[in-house]
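**Q** So here's input-v5.tsv (TSV, C-alpha atoms and all ligand atoms).
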chain	number	residue	atom	x	y	z
A	349	MET	CA	34.06	-35.42	-5.43
A	350	SER	CA	30.56	-35.72	-3.98
A	351	ALA	CA	31.38	-38.08	-1.08
A	352	PRO	CA	34.13	-37.06	1.34
A	353	PHE	CA	37.10	-39.42	1.36
A	354	ARG	CA	40.53	-39.26	2.88
A	355	ILE	CA	43.48	-41.00	1.28
A	356	GLU	CA	46.06	-42.52	3.62
A	357	ALA	CA	48.58	-45.36	3.86
A	358	LEU	CA	47.04	-48.81	4.39
A	359	THR	CA	47.43	-50.11	7.96
A	360	SER	CA	46.26	-53.23	9.81
A	361	GLN	CA	43.40	-51.14	11.24
A	362	HIS	CA	41.66	-50.93	7.83
A	363	ASP	CA	38.98	-53.54	7.06
A	364	ARG	CA	39.61	-54.89	3.55
A	365	SER	CA	37.14	-57.79	3.79
A	366	THR	CA	34.18	-56.23	1.95
A	367	PHE	CA	36.12	-54.52	-0.86
A	368	ASP	CA	34.79	-55.32	-4.34
A	369	CYS	CA	35.98	-53.43	-7.43
A	370	GLY	CA	34.51	-56.00	-9.83
A	371	SER	CA	37.91	-57.44	-10.76
A	372	GLU	CA	38.73	-60.67	-8.92
A	373	PRO	CA	42.53	-60.41	-9.33
A	374	LEU	CA	42.50	-56.83	-7.95
A	375	ASN	CA	40.19	-57.86	-5.06
A	376	ARG	CA	42.30	-60.91	-4.24
A	377	TYR	CA	45.56	-58.99	-4.33
A	378	PHE	CA	44.15	-56.35	-1.96
A	379	LYS	CA	42.72	-58.88	0.49
A	380	GLN	CA	45.46	-61.52	0.47
A	381	GLN	CA	48.77	-60.18	-0.80
A	382	VAL	CA	49.25	-56.45	-0.40
A	383	THR	CA	50.25	-56.36	3.29
A	384	GLN	CA	52.95	-58.97	2.68
A	385	ASP	CA	54.30	-56.95	-0.28
A	386	ALA	CA	54.26	-53.78	1.83
A	387	ARG	CA	56.08	-55.52	4.69
A	388	ARG	CA	58.78	-56.61	2.23
A	389	ARG	CA	58.96	-53.06	0.88
A	390	VAL	CA	58.20	-54.10	-2.69
A	391	THR	CA	55.14	-51.86	-2.79
A	392	ALA	CA	53.33	-49.14	-0.89
A	393	CYS	CA	49.54	-49.11	-0.69
A	394	PHE	CA	47.24	-46.14	-0.15
A	395	VAL	CA	43.53	-46.38	0.53
A	396	ALA	CA	40.57	-44.04	0.16
A	397	VAL	CA	38.46	-44.14	3.32
A	398	GLU	CA	34.87	-42.93	3.33
A	399	GLN	CA	34.81	-40.29	6.06
A	400	GLY	CA	31.39	-41.18	7.53
A	401	GLY	CA	31.42	-44.98	7.77
A	402	GLY	CA	35.13	-45.71	7.45
A	403	VAL	CA	34.47	-47.98	4.45
A	404	LEU	CA	37.44	-48.61	2.15
A	405	ALA	CA	36.29	-47.16	-1.16
A	406	GLY	CA	39.48	-47.60	-3.18
A	407	TYR	CA	43.17	-48.42	-3.18
A	408	TYR	CA	46.29	-47.97	-5.24
A	409	THR	CA	49.83	-49.31	-5.05
A	410	VAL	CA	53.05	-47.52	-5.95
A	411	ALA	CA	56.71	-48.48	-6.04
A	412	SER	CA	59.91	-47.17	-7.54
A	413	SER	CA	60.77	-48.25	-11.02
A	414	SER	CA	62.68	-47.24	-14.11
A	415	VAL	CA	61.86	-46.80	-17.76
A	416	SER	CA	64.15	-47.69	-20.61
A	417	LEU	CA	64.54	-44.80	-23.04
A	418	THR	CA	63.96	-47.15	-25.96
A	419	ASP	CA	60.39	-47.72	-24.68
A	420	LEU	CA	59.51	-44.02	-24.78
A	421	PRO	CA	58.30	-42.17	-27.89
A	422	GLU	CA	61.01	-40.23	-29.73
A	423	ALA	CA	59.20	-36.93	-29.17
A	424	VAL	CA	59.82	-37.48	-25.45
A	425	THR	CA	63.35	-38.94	-25.54
A	426	LYS	CA	64.78	-36.15	-27.65
A	427	LYS	CA	64.22	-33.85	-24.67
A	428	LEU	CA	65.90	-36.24	-22.24
A	429	PRO	CA	69.59	-36.92	-21.51
A	430	ARG	CA	70.99	-39.98	-23.26
A	431	TYR	CA	70.91	-42.30	-20.29
A	432	PRO	CA	69.83	-45.91	-20.88
A	433	SER	CA	66.89	-45.39	-18.52
A	434	VAL	CA	65.17	-42.77	-16.38
A	435	PRO	CA	63.72	-43.19	-12.87
A	436	ALA	CA	59.96	-43.55	-12.45
A	437	VAL	CA	57.21	-44.30	-9.97
A	438	ARG	CA	55.06	-47.28	-10.99
A	439	MET	CA	51.41	-47.44	-10.02
A	440	GLY	CA	50.86	-51.18	-10.28
A	441	ARG	CA	47.20	-51.23	-9.27
A	442	LEU	CA	44.32	-48.79	-8.89
A	443	ALA	CA	40.79	-49.84	-8.00
A	444	VAL	CA	37.57	-48.26	-6.81
A	445	ASP	CA	34.85	-50.28	-5.04
A	446	ARG	CA	31.81	-50.69	-7.32
A	447	GLN	CA	29.50	-48.73	-5.01
A	448	PHE	CA	31.80	-45.68	-5.18
A	449	ARG	CA	32.39	-45.61	-8.96
A	450	GLY	CA	31.87	-42.50	-11.02
A	451	LYS	CA	32.24	-40.10	-8.09
A	452	GLY	CA	35.68	-38.84	-9.10
A	453	LEU	CA	37.50	-41.13	-6.68
A	454	GLY	CA	39.64	-42.87	-9.33
A	455	GLY	CA	40.77	-39.46	-10.58
A	456	ALA	CA	41.37	-38.25	-7.02
A	457	MET	CA	43.55	-41.28	-6.20
A	458	LEU	CA	45.49	-40.75	-9.42
A	459	ALA	CA	46.02	-37.11	-8.41
A	460	ASP	CA	47.10	-38.26	-4.94
A	461	ALA	CA	49.69	-40.63	-6.44
A	462	LEU	CA	50.97	-37.85	-8.70
A	463	GLN	CA	51.16	-35.44	-5.79
A	464	ARG	CA	53.11	-37.90	-3.64
A	465	SER	CA	55.48	-38.58	-6.57
A	466	VAL	CA	56.01	-34.88	-7.27
A	467	LYS	CA	56.59	-34.08	-3.58
A	468	ALA	CA	59.09	-36.91	-3.01
A	469	GLU	CA	62.68	-35.80	-2.61
A	470	ILE	CA	63.93	-38.71	-4.70
A	471	ALA	CA	63.62	-37.79	-8.38
A	472	ALA	CA	61.33	-39.60	-10.78
A	473	TYR	CA	60.75	-38.59	-14.38
A	474	ALA	CA	57.24	-40.02	-14.74
A	475	LEU	CA	54.38	-41.91	-13.14
A	476	VAL	CA	53.95	-45.14	-15.08
A	477	VAL	CA	50.88	-47.35	-14.95
A	478	ASP	CA	49.93	-50.86	-16.02
A	479	ALA	CA	46.36	-50.84	-17.30
A	480	LYS	CA	44.66	-54.21	-16.95
A	481	ASP	CA	42.67	-53.79	-20.15
A	482	GLU	CA	41.72	-51.29	-22.87
A	483	GLU	CA	38.99	-49.72	-20.71
A	484	ALA	CA	41.48	-48.98	-17.95
A	485	ALA	CA	43.95	-47.63	-20.54
A	486	ALA	CA	41.20	-45.26	-21.75
A	487	PHE	CA	40.79	-44.00	-18.16
A	488	TYR	CA	44.50	-43.15	-18.04
A	489	ARG	CA	44.53	-41.58	-21.51
A	490	HIS	CA	41.57	-39.45	-20.38
A	491	HIS	CA	43.92	-38.08	-17.71
A	492	GLY	CA	46.68	-37.28	-20.18
A	493	PHE	CA	48.79	-40.46	-19.97
A	494	LEU	CA	50.73	-41.51	-23.08
A	495	ALA	CA	51.34	-45.08	-24.22
A	496	PHE	CA	54.78	-46.66	-24.36
A	497	ASN	CA	56.09	-47.49	-27.85
A	498	ASP	CA	55.15	-51.17	-28.05
A	499	ASN	CA	52.55	-51.63	-25.33
A	500	GLN	CA	49.25	-49.75	-25.33
A	501	LEU	CA	48.46	-51.02	-21.81
A	502	ALA	CA	51.59	-49.47	-20.30
A	503	LEU	CA	51.31	-45.72	-20.04
A	504	PHE	CA	53.25	-42.85	-18.50
A	505	LEU	CA	52.78	-39.24	-17.49
A	506	PRO	CA	55.85	-37.00	-17.12
A	507	LEU	CA	55.71	-35.54	-13.60
A	508	ALA	CA	56.79	-32.11	-14.81
A	509	THR	CA	53.49	-31.81	-16.68
A	510	THR	CA	51.09	-32.86	-13.93
A	511	GLN	CA	50.19	-29.43	-12.59
A	512	ARG	CA	46.92	-29.19	-14.53
A	513	LEU	CA	45.54	-32.47	-13.22
A	514	LEU	CA	46.57	-31.66	-9.65
A	515	ALA	CA	44.86	-28.29	-9.83
A	516	ARG	CA	41.51	-29.99	-10.57
A	517	HIS	CA	41.41	-32.00	-7.30
A	601	LIG	C1	39.09	-47.26	-13.60
A	601	LIG	C2	38.52	-46.83	-12.26
A	601	LIG	C3	39.68	-46.78	-11.25
A	601	LIG	C4	37.88	-45.43	-12.40
A	601	LIG	O1	37.46	-45.00	-11.12
A	601	LIG	P1	36.17	-44.04	-10.93
A	601	LIG	O2	36.22	-43.53	-9.54
A	601	LIG	O3	34.94	-44.74	-11.35
A	601	LIG	O4	36.47	-42.88	-12.00
A	601	LIG	P2	36.26	-41.32	-11.78
A	601	LIG	O5	34.85	-41.10	-11.31
A	601	LIG	O6	37.35	-40.79	-10.90
A	601	LIG	O7	36.45	-40.75	-13.23
A	601	LIG	C5	37.28	-39.62	-13.43
A	601	LIG	C6	37.22	-39.22	-14.87
A	601	LIG	O8	37.67	-40.34	-15.67
A	601	LIG	C7	36.68	-40.65	-16.65
A	601	LIG	N1	36.67	-42.10	-16.85
A	601	LIG	C8	36.35	-43.05	-15.94
A	601	LIG	N2	36.50	-44.28	-16.50
A	601	LIG	C9	36.91	-44.08	-17.77
A	601	LIG	C10	37.26	-44.96	-18.85
A	601	LIG	N3	37.23	-46.29	-18.72
A	601	LIG	N4	37.66	-44.41	-20.02
A	601	LIG	C11	37.72	-43.06	-20.17
A	601	LIG	N5	37.42	-42.19	-19.19
A	601	LIG	C12	37.03	-42.69	-18.00
A	601	LIG	C13	35.38	-40.13	-16.06
A	601	LIG	O9	34.44	-39.86	-17.07
A	601	LIG	C14	35.82	-38.88	-15.34
A	601	LIG	O10	35.97	-37.82	-16.28
A	601	LIG	P3	35.87	-36.24	-15.86
A	601	LIG	O11	36.81	-36.04	-14.69
A	601	LIG	O12	36.33	-35.53	-17.09
A	601	LIG	O13	34.44	-36.04	-15.49
A	601	LIG	C15	37.40	-47.79	-11.77
A	601	LIG	O14	36.42	-47.90	-12.78
A	601	LIG	C16	37.87	-49.19	-11.38
A	601	LIG	O15	38.26	-49.42	-10.24
A	601	LIG	N6	37.81	-50.15	-12.33
A	601	LIG	C17	38.17	-51.55	-12.05
A	601	LIG	C18	39.65	-51.71	-11.85
A	601	LIG	C19	40.46	-51.06	-12.96
A	601	LIG	O16	40.13	-51.14	-14.12
A	601	LIG	N7	41.60	-50.43	-12.57
A	601	LIG	C20	42.44	-49.72	-13.52
A	601	LIG	C21	43.86	-49.99	-13.37
A	601	LIG	S1	44.36	-51.70	-13.52
Mind turning this structure into structure tokens?

**A**
Amino acid sequence: MSAPFRIEALTSQHDRSTFDCGSEPLNRYFKQQVTQDARRRVTACFVAVEQGGGVLAGYYTVASSSVSLTDLPEAVTKKLPRYPSVPAVRMGRLAVDRQFRGKGLGGAMLADALQRSVKAEIAAYALVVDAKDEEAAAFYRHHGFLAFNDNQLALFLPLATTQRLLARH
């Protein structure tokens, strides 16, 4: 990453008012909804803070989830126990402010989410993501994510195989 950022949990001290990732639903959620969701413990939100000016350059949300085995490709399920579902961490949203795009921040936040998921003491089989469109899905595929059986915009990455991505950040 060229600009120095730190990634930390969102607090009331962070100024979200100027954030603009180019997607109105993602902007609106971040400015109007995320603190309420966090207070209700339905999501956690982490932000990338520009070290110099304290500007919020990006955010992502994560929560616990589960994945039905019938949604996973057979090549994956044949290596899993025959439970109806496996535990997962869901990254519901990921966004980088337009002025900080293309600096590796999206990849760094993805790596941060993977790292937090891998380090957690509660087990999760995979990080799953909901891509908002095909372009976002391509970003996740670029980082090794695989699509669910019937939904190309829902993707997952088994946490046991994340070491390579983490080593790059
Ligand atoms: C998608 C998004 C998070 C990427 O963030 P970013 O900081 O610009 O991306 P990075 O600079 O970290 O890119 C990291 C790598 O992903 C690649 N990449 C970025 N966007 C890509 C895309 N749409 N398709 C394929 N690869 C992509 C980069 O080329 C780079 O590759 P490298 O590490 O091999 O050099 C950002 O564009 C964004 O916020 N978009 C709007 C919101 C959105 O679509 N969110 C997605 C989830 S809903």

**Q** Taking all atoms listed in the file and a cut-off of 6 Å, can you tell me which residues surround ligand LIG 601 (chain A), written as a PyMOL selection string?

**A** chain A and resi 369+441-444+449-455+479-480+483-484+486-487+490

**Q** Given the choices A:Gln380, A:Gln463, A:Ser416, A:Thr409, which gets closest to Ala392 (chain A) if the distance is worked out from only C-alpha atoms?

**A** A:Thr409

**Q** With distances taken over only C-alpha atoms, which residue among A:Asp368, A:Arg388, A:Pro506, A:Lys379 lies nearest Phe493 (chain A)?

**A** A:Pro506

**Q** Could you tell me which of A:Ala474, A:Ala468, A:Leu420, A:Leu507 comes closest to Ala495 (chain A) if we count all atoms listed in the file?

**A** A:Leu420

**Q** Choose the residue, out of A:Leu494, A:Leu374, A:Ala357, A:Ala405, that has the smallest atom-to-atom separation from Asp445 (chain A); count only C-alpha atoms.

**A**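 Under the stated criterion, the closest residue is A:Ala405.
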
**Q** Considering all atoms listed in the file, state which residue in the set A:Leu462, A:Met457, A:Leu501, A:Val434 is at the smallest distance from Tyr408 (chain A).

**A**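 Among the listed residues, the smallest separation from Tyr408 (chain A) belongs to A:Met457.
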
**Q** CA of Asp419 (chain A) to CA of Glu482 (chain A): how many Å, to one decimal?

**A**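 Distance reported for this atom pair: 19.1 Å.
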
**Q** Would you work out the distance separating CA of Phe367 (chain A) from CA of Gln447 (chain A), expressed in Å to one decimal?

**A**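 Here the two named atoms are 9.7 Å from each other.
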
**Q** Suppose you want the space between CA of His362 (chain A) and CA of Tyr488 (chain A); what is it in Å?

**A** 27.2 Å

**Q** For Glu398 (chain A), find every residue with an atom within 10 Å (counting only C-alpha atoms), except residues of its own chain fewer than 3 positions away, and show them as a list in words.

**A** Ala351, Pro352, Phe353, Arg354, Ile355, Val395, Gly401, Gly402, Val403, Leu404, Ala405, Gly406 and Phe448 of chain A

**Q** Nearest to Val382 (chain A) among A:Leu358, A:Val437, A:Ala396, A:Ala461, with distances taken over all atoms listed in the file: which residue is it?

**A**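 Closest to Val382 (chain A), using all atoms listed in the file: A:Leu358.
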
**Q** Hey, what's within 10 Å of Ala508 (chain A) if we count all atoms listed in the file and toss same-chain stuff fewer than 6 positions away? As an mmCIF file with C-alpha atoms, in the frame of the given file, please?

**A**
data_model
loop_
_atom_site.group_PDB
_atom_site.id
_atom_site.type_symbol
_atom_site.label_atom_id
_atom_site.label_comp_id
_atom_site.auth_asym_id
_atom_site.auth_seq_id
_atom_site.Cartn_x
_atom_site.Cartn_y
_atom_site.Cartn_z
ATOM 1 C CA VAL A 466 56.010 -34.880 -7.270
ATOM 2 C CA ALA A 472 61.330 -39.600 -10.780
ATOM 3 C CA TYR A 473 60.750 -38.590 -14.380
ATOM 4 C CA ALA A 474 57.240 -40.020 -14.740
#

**Q** With 5 Å of padding per side, what axis-aligned box (centre and edge lengths, Å, one decimal) covers all the listed atoms of region 420-430 of chain A? Give it as lines of an AutoDock Vina configuration file.

**A**
center_x = 64.6
center_y = -38.9
center_z = -25.6
size_x = 22.7
size_y = 20.2
size_z = 18.2

**Q** Would you mind listing what lies within 10 Å of Leu417 (chain A) as a ChimeraX atom specification, with all atoms listed in the file counted and same-chain residues fewer than 2 positions away left out?

**A** /A:414-415,419-422,424-426,428-434
